Amino acid sequence: MTAIDPTAHLTAQQIEELGRELDAIRDEVIADRGEKDAAYIRKVISAQRTLEMVSRGVLLFSIFPPAWLLGTAGLSVAKIMDNMEIGHNVLHGQWDWMRDPKIHSTTWEWDHVSPADQWKHSHNELHHTYTNVIGKDNDLGYGIMRVDEDQRWYPFHLGQPLWNFLNACFFEYGIAAYDLELGKNLRKHRRNNPAFRARARAVGRKIRKQVLKDYVIHPLLSGPSFLPTLAATFTANLVRNIWSHSVIMCGHFPEGVQVFERRSITGETRGQWYLRQMMGSANISGSKAMHFMTGNLSHQIEHHLFPDLPSNRYAEVAVKVRALFEKYELEYVTGPLPKQVFSAWHKVFRLSLPNKKQKPEVTTPDREQELVAA
Amino acid sequence: MLEMVTTPLLPSDYLDLFSPLRAGADLRGRIEAVHPETPDAATIVIRPGRGWRGHTAGQYVRVGIDVDGVRLWRAYSLTSPTNRRDGRVTITVKAIEDGKVSNHLVRRTKPGTLIQLDQATGDFVLPKARPAKVLYLTAGSGITPVMGMLRDTEFDDVVMVHSAPKPHDVIFRDELHDLVADKKLRLTEVHTDTDGMLDIARLDELVPDWAERETWACGPAGLLDAAEKHWSDHGVPERLHTERFRPSVVATGDGGEVTFSATGRSVDADGATPLLDVGEEAGVLMPSGCRMGICFGCVTPLKAGAVRDLRTGEITQAEPGVLIQTCVSAAAGPCDIER
């Protein structure tokens, strides 16, 4: 939370006008959505499946180092595509409009230990509704970290650089635990709640299937290449986890991103909701390939404004959204991946310690200064 | 076992990449040719997947086709004979005004397109026992299921009375005239632009022995309603078999808020819009079929509230196990549809 609200210069009327302009951007894409978009996602899905199949095929001979390298690289990319550009976006309902039961948020399942329906609840309903609201949006530090001065410090946070590193390595398990709200639900009086137990069993089943596939079946199929294949699938999962963790950290943790108090969202209008999404998200700049590999979450701001627009449209939407940021004199937080990752990690380290002192009263509205203090 | 290799996907998800028409796959077809029949009708030649179980002349098939990226399902009569050597089937489609699917199929579909299919169904078919005398009473695209019958089974004494606006609007006109030349068919064409609509009472003059004939009628609701009344008035309703392409909506009322509980969406609906349209509009994955209340491809549990059957006005209340046809049901107050 900045000492000075960076949106303070906007009148209520301007905020509603901003909302209408964003609605218009959304309507334009929806009116134009069609065959080309459908062809895009089908092509991506086919490419992902082909890449996964070929990579796993190559890994049958992973005892030969070139095969190991090639197969591991291919499988890592395939897993990233499955989770990011395909899974995350399909589960958002971005492709539901096609009415294809095979590519639909209610039927999709992904290569991830958190079952799709649990992830949809914690991500789509909670995180996307209460984005960056302290106490409501558990994505703010995932319940294990302090990522804003306004979050209270506990000695537990001293270890948060380590927690964050472990979370990055085993991110899919972190997400599964997070979707289960393990921290809350493992408390004594909740542990035996039948609804929680059913969900925990579903996660258990999903983990079993994923582990069997990656660490038993495919290594076994590889015969003499058993161990190299095991190492390959482990590496691919690790690469996927660290990559998606990095991308996702860049969405809400870099310096300059605003967080909000619980009471600030009571009676929030559509315009205000949009404004919160604009101020609470950060983009990653880069090439087309980079955007693709992040599942277009590099366009986090646009994604948060329009979570259900097809991901292949965020790039064109970003141009219009950025113009609105300029028009309304708001900070569009973006930067290359290394810079944003560094910024997010820097915050994780810095906030592992308690706040130094009372925040100074900022009287001169120097935007750079304020945002660094975020 | 194979599923353990491919989880969370299924082996078929990978096989579909190479062989979408194989045995064991979801039933699909590939469009191999589109032959224009009239300015606004075309015959679509489809190679069905290996799972196709064949059809009976007069039946229809549900077809799911992507129009502007959106999967839409419609039912079309099969017009190919059941014993076609190359295993292909045909449907013949007439483009109707504002018809998304029909216009797409007639004017824009390209050979090579993959479509979704269902098994053939429908009871507008010929009986096992061959009737001595047959009358086909058709209008417009209502000729399509009858063409499937004509091409499939020859009878000794067949009469057809077919209505279309102008001569060039008559689908299959050349083939019909060939049948007439071969004395396999007696045909009366009614050109409604010049002759006016067929007055059912004229049957006495056109086909004096109509009441003795086993009759298959297909066309707009006006024609079928008149035919049903005519056959009943003359005490031979059992001789008449009809096929309707559209439901006849009789009853509408107040709507209400419709909840699709499985998807977690709620929308306000009026009392005249079928719940199928309401759901599709809201982005809910709704099963669908003929969209006219006959194929039961759209049945869905009604969890709470009440719906009105648009054909009869009958109200259905939610009870455990109650299924409704969403294509001919509208909200009658707030209701919860399990999708």
# chains A, B, ... in the order shown; residues from 1 in each chain; ligands from 1
>>> residues_around(residues="Asp214 in chain A", least_positions_apart="2", cutoff="9 Å", atoms="only C-alpha atoms", output="PyMOL selection string")
(chain A and resi 209-212+216-219+229-230+233-234+237) or (chain B and resi 5)
>>> interface_residues(of="chain B", to="chain A", cutoff="12 Å", atoms="only C-alpha atoms", output="count of residues only")
46
>>> residues_around(residues="Glu52 in chain A", least_positions_apart="4", cutoff="10 Å", atoms="only C-alpha atoms", output="mmCIF file with N, CA and C atoms, in the first residue's frame")
data_model
loop_
_atom_site.group_PDB
_atom_site.id
_atom_site.type_symbol
_atom_site.label_atom_id
_atom_site.label_comp_id
_atom_site.auth_asym_id
_atom_site.auth_seq_id
_atom_site.Cartn_x
_atom_site.Cartn_y
_atom_site.Cartn_z
ATOM 1 N N SER A 46 -2.898 -29.472 -30.460
ATOM 2 C CA SER A 46 -2.297 -30.536 -31.275
ATOM 3 C C SER A 46 -0.780 -30.491 -31.171
ATOM 4 N N ALA A 47 -0.220 -29.295 -31.230
ATOM 5 C CA ALA A 47 1.237 -29.165 -31.162
ATOM 6 C C ALA A 47 1.743 -29.669 -29.818
ATOM 7 N N GLN A 48 1.034 -29.314 -28.746
ATOM 8 C CA GLN A 48 1.459 -29.741 -27.403
ATOM 9 C C GLN A 48 1.442 -31.268 -27.312
ATOM 10 N N ARG A 56 8.395 -37.960 -25.184
ATOM 11 C CA ARG A 56 8.370 -39.182 -24.371
ATOM 12 C C ARG A 56 8.905 -40.360 -25.167
ATOM 13 N N GLY A 57 8.659 -40.329 -26.479
ATOM 14 C CA GLY A 57 9.202 -41.373 -27.348
ATOM 15 C C GLY A 57 10.721 -41.334 -27.342
ATOM 16 N N VAL A 58 11.258 -40.140 -27.485
ATOM 17 C CA VAL A 58 12.716 -39.983 -27.499
ATOM 18 C C VAL A 58 13.305 -40.442 -26.159
ATOM 19 N N GLY A 71 14.835 -35.050 -25.262
ATOM 20 C CA GLY A 71 13.556 -35.469 -24.684
ATOM 21 C C GLY A 71 13.174 -34.623 -23.482
ATOM 22 N N GLY A 74 12.122 -31.159 -24.663
ATOM 23 C CA GLY A 74 10.801 -31.217 -25.297
ATOM 24 C C GLY A 74 9.701 -31.408 -24.274
ATOM 25 N N LEU A 75 9.937 -32.333 -23.320
ATOM 26 C CA LEU A 75 8.908 -32.605 -22.321
ATOM 27 C C LEU A 75 8.693 -31.392 -21.414
ATOM 28 N N SER A 76 9.770 -30.678 -21.094
ATOM 29 C CA SER A 76 9.630 -29.475 -20.270
ATOM 30 C C SER A 76 8.738 -28.466 -20.975
ATOM 31 N N VAL A 77 9.017 -28.245 -22.254
ATOM 32 C CA VAL A 77 8.216 -27.284 -23.013
ATOM 33 C C VAL A 77 6.766 -27.766 -23.103
ATOM 34 N N ALA A 78 6.588 -29.065 -23.349
ATOM 35 C CA ALA A 78 5.228 -29.606 -23.471
ATOM 36 C C ALA A 78 4.458 -29.404 -22.169
ATOM 37 N N LYS A 79 5.124 -29.636 -21.046
ATOM 38 C CA LYS A 79 4.451 -29.479 -19.757
ATOM 39 C C LYS A 79 4.117 -28.003 -19.495
ATOM 40 N N MET A 81 3.542 -25.750 -21.845
ATOM 41 C CA MET A 81 2.412 -25.426 -22.723
ATOM 42 C C MET A 81 1.107 -25.948 -22.122
ATOM 43 N N ASP A 82 1.152 -27.188 -21.605
ATOM 44 C CA ASP A 82 -0.055 -27.783 -21.027
ATOM 45 C C ASP A 82 -0.587 -26.928 -19.887
#
>>> residues_around(residues="Thr326 in chain B", least_positions_apart="4", cutoff="8 Å", atoms="only C-alpha atoms", output="PyMOL selection string")
chain B and resi 274-276+298-300+330
>>> write_last_selection(atoms="N, CA and C atoms", output="tab-separated table (two decimals), in the first residue's frame")
chain	number	residue	atom	x	y	z
B	274	PRO	N	-36.26	-20.92	-25.49
B	274	PRO	CA	-35.91	-22.26	-24.99
B	274	PRO	C	-34.68	-22.19	-24.09
B	275	LEU	N	-34.70	-23.00	-23.03
B	275	LEU	CA	-33.58	-23.01	-22.08
B	275	LEU	C	-32.27	-23.40	-22.76
B	276	LEU	N	-32.37	-24.16	-23.84
B	276	LEU	CA	-31.18	-24.53	-24.59
B	276	LEU	C	-30.49	-23.26	-25.11
B	298	CYS	N	-31.10	-33.40	-25.93
B	298	CYS	CA	-30.80	-32.25	-25.06
B	298	CYS	C	-31.28	-32.47	-23.62
B	299	VAL	N	-31.81	-33.66	-23.32
B	299	VAL	CA	-32.43	-33.81	-22.00
B	299	VAL	C	-31.44	-33.56	-20.87
B	300	THR	N	-31.93	-32.88	-19.86
B	300	THR	CA	-31.11	-32.39	-18.76
B	300	THR	C	-31.96	-32.43	-17.49
B	330	ALA	N	-39.13	-23.58	-21.67
B	330	ALA	CA	-38.71	-22.25	-21.25
B	330	ALA	C	-38.92	-22.12	-19.75
>>> atom_distance(atom1="CA of Ala201 in chain B", atom2="CA of Glu228 in chain B")
12.4 Å
>>> residues_around(residues="Ala41 in chain B", least_positions_apart="6", cutoff="9 Å", atoms="only C-alpha atoms", output="JSON, numbers by chain")
{"B": [35, 92, 93, 94, 95, 102, 103, 106, 107, 141, 169, 171]}
>>> write_last_selection(atoms="N, CA and C atoms", output="mmCIF file, in the first residue's frame")
data_model
loop_
_atom_site.group_PDB
_atom_site.id
_atom_site.type_symbol
_atom_site.label_atom_id
_atom_site.label_comp_id
_atom_site.auth_asym_id
_atom_site.auth_seq_id
_atom_site.Cartn_x
_atom_site.Cartn_y
_atom_site.Cartn_z
ATOM 1 N N HIS B 35 -22.548 -30.530 -53.253
ATOM 2 C CA HIS B 35 -23.168 -30.380 -54.577
ATOM 3 C C HIS B 35 -24.357 -29.447 -54.478
ATOM 4 N N THR B 92 -29.165 -33.296 -47.297
ATOM 5 C CA THR B 92 -29.441 -32.189 -48.208
ATOM 6 C C THR B 92 -30.021 -31.060 -47.386
ATOM 7 N N VAL B 93 -29.405 -29.905 -47.515
ATOM 8 C CA VAL B 93 -29.697 -28.788 -46.625
ATOM 9 C C VAL B 93 -30.220 -27.616 -47.429
ATOM 10 N N LYS B 94 -31.296 -27.024 -46.924
ATOM 11 C CA LYS B 94 -31.792 -25.808 -47.562
ATOM 12 C C LYS B 94 -31.458 -24.643 -46.644
ATOM 13 N N ALA B 95 -30.821 -23.606 -47.210
ATOM 14 C CA ALA B 95 -30.450 -22.437 -46.405
ATOM 15 C C ALA B 95 -31.720 -21.679 -46.047
ATOM 16 N N SER B 102 -27.444 -23.757 -41.608
ATOM 17 C CA SER B 102 -27.844 -24.100 -42.972
ATOM 18 C C SER B 102 -27.112 -23.227 -43.984
ATOM 19 N N ASN B 103 -26.982 -21.948 -43.712
ATOM 20 C CA ASN B 103 -26.263 -21.086 -44.654
ATOM 21 C C ASN B 103 -24.787 -21.457 -44.735
ATOM 22 N N VAL B 106 -24.559 -24.711 -46.825
ATOM 23 C CA VAL B 106 -24.888 -24.565 -48.243
ATOM 24 C C VAL B 106 -23.864 -23.689 -48.963
ATOM 25 N N ARG B 107 -23.386 -22.650 -48.272
ATOM 26 C CA ARG B 107 -22.600 -21.654 -49.009
ATOM 27 C C ARG B 107 -21.118 -21.641 -48.672
ATOM 28 N N SER B 141 -38.101 -28.053 -48.224
ATOM 29 C CA SER B 141 -37.064 -29.010 -47.863
ATOM 30 C C SER B 141 -37.661 -30.266 -47.244
ATOM 31 N N ASP B 169 -36.897 -23.978 -57.622
ATOM 32 C CA ASP B 169 -36.723 -24.220 -56.187
ATOM 33 C C ASP B 169 -36.943 -25.685 -55.816
ATOM 34 N N ILE B 171 -36.029 -29.066 -55.122
ATOM 35 C CA ILE B 171 -34.781 -29.803 -54.904
ATOM 36 C C ILE B 171 -34.915 -31.177 -55.582
#
>>> atom_distance(atom1="CA of Arg199 in chain A", atom2="CA of Ala177 in chain A")
10.7 Å
>>> atom_distance(atom1="CA of Lys136 in chain A", atom2="CA of Glu261 in chain A")
9.2 Å
>>> residues_around(residues="Ser80 in chain B", least_positions_apart="2", cutoff="9 Å", atoms="only C-alpha atoms", output="list of chain:residue names")
B:Val45, B:Ala57, B:Leu78, B:Thr82, B:Asn83, B:Arg84, B:Arg88, B:Val89, B:Thr90, B:Ile91, B:Met147, B:Gly148, B:Met149, B:Arg151, B:Asp152
>>> residues_around(residues="His121 in chain A", least_positions_apart="6", cutoff="10 Å", atoms="only C-alpha atoms", output="NGL selection string")
:A and (127-128 or 179)
>>> closest_residue(among="A:Gly174, A:Gly141, A:Gly286, A:Gly267", to="Trp345 in chain A", atoms="only C-alpha atoms")
A:Gly141
>>> select_by_dssp(residues="range 132-320 of chain A", states="helix (DSSP H, G or I)", output="ChimeraX atom specification")
/A:155-169,171-179,182-185,188-191,194-221,223-252,262-265,270-279,288-293,297-305,311-320
>>> decode(residues="range 139-184 of chain A", atoms="C-alpha atoms", output="short mmCIF file (atom, residue, chain, number, x, y, z; two decimals), in the first residue's frame")
data_model
loop_
_atom_site.label_atom_id
_atom_site.label_comp_id
_atom_site.auth_asym_id
_atom_site.auth_seq_id
_atom_site.Cartn_x
_atom_site.Cartn_y
_atom_site.Cartn_z
CA ASP A 139 -2.30 -15.29 -3.75
CA LEU A 140 -0.67 -12.42 -1.87
CA GLY A 141 2.22 -14.52 -0.61
CA TYR A 142 0.25 -17.79 -0.88
CA GLY A 143 -0.22 -17.75 2.87
CA ILE A 144 3.46 -18.47 3.46
CA MET A 145 5.01 -15.14 2.65
CA ARG A 146 4.66 -11.48 3.34
CA VAL A 147 4.75 -9.52 0.10
CA ASP A 148 3.51 -6.13 1.24
CA GLU A 149 4.41 -3.83 4.11
CA ASP A 150 0.78 -3.84 5.15
CA GLN A 151 0.81 -7.57 5.81
CA ARG A 152 1.68 -8.28 9.44
CA TRP A 153 5.17 -9.68 10.12
CA TYR A 154 5.70 -12.92 12.03
CA PRO A 155 9.07 -14.55 12.81
CA PHE A 156 8.01 -17.30 10.40
CA HIS A 157 8.58 -14.81 7.58
CA LEU A 158 12.35 -14.78 8.30
CA GLY A 159 12.51 -18.01 6.33
CA GLN A 160 10.44 -16.82 3.40
CA PRO A 161 13.25 -16.69 0.83
CA LEU A 162 13.70 -20.39 1.49
CA TRP A 163 9.95 -21.06 1.48
CA ASN A 164 9.69 -19.27 -1.84
CA PHE A 165 12.54 -21.26 -3.34
CA LEU A 166 11.02 -24.57 -2.22
CA ASN A 167 7.64 -23.46 -3.46
CA ALA A 168 9.20 -22.70 -6.85
CA CYS A 169 10.74 -26.16 -7.11
CA PHE A 170 7.59 -28.00 -6.12
CA PHE A 171 5.14 -25.39 -7.30
CA GLU A 172 2.43 -27.79 -8.44
CA TYR A 173 2.33 -29.32 -4.94
CA GLY A 174 2.33 -25.84 -3.45
CA ILE A 175 -0.69 -24.99 -5.55
CA ALA A 176 -2.48 -28.22 -4.62
CA ALA A 177 -1.89 -27.47 -0.91
CA TYR A 178 -2.98 -23.92 -1.47
CA ASP A 179 -6.16 -24.95 -3.30
CA LEU A 180 -6.92 -27.27 -0.37
CA GLU A 181 -6.22 -24.38 2.03
CA LEU A 182 -4.13 -26.87 3.94
CA GLY A 183 -2.87 -24.32 6.45
CA LYS A 184 -6.39 -23.54 7.57
#
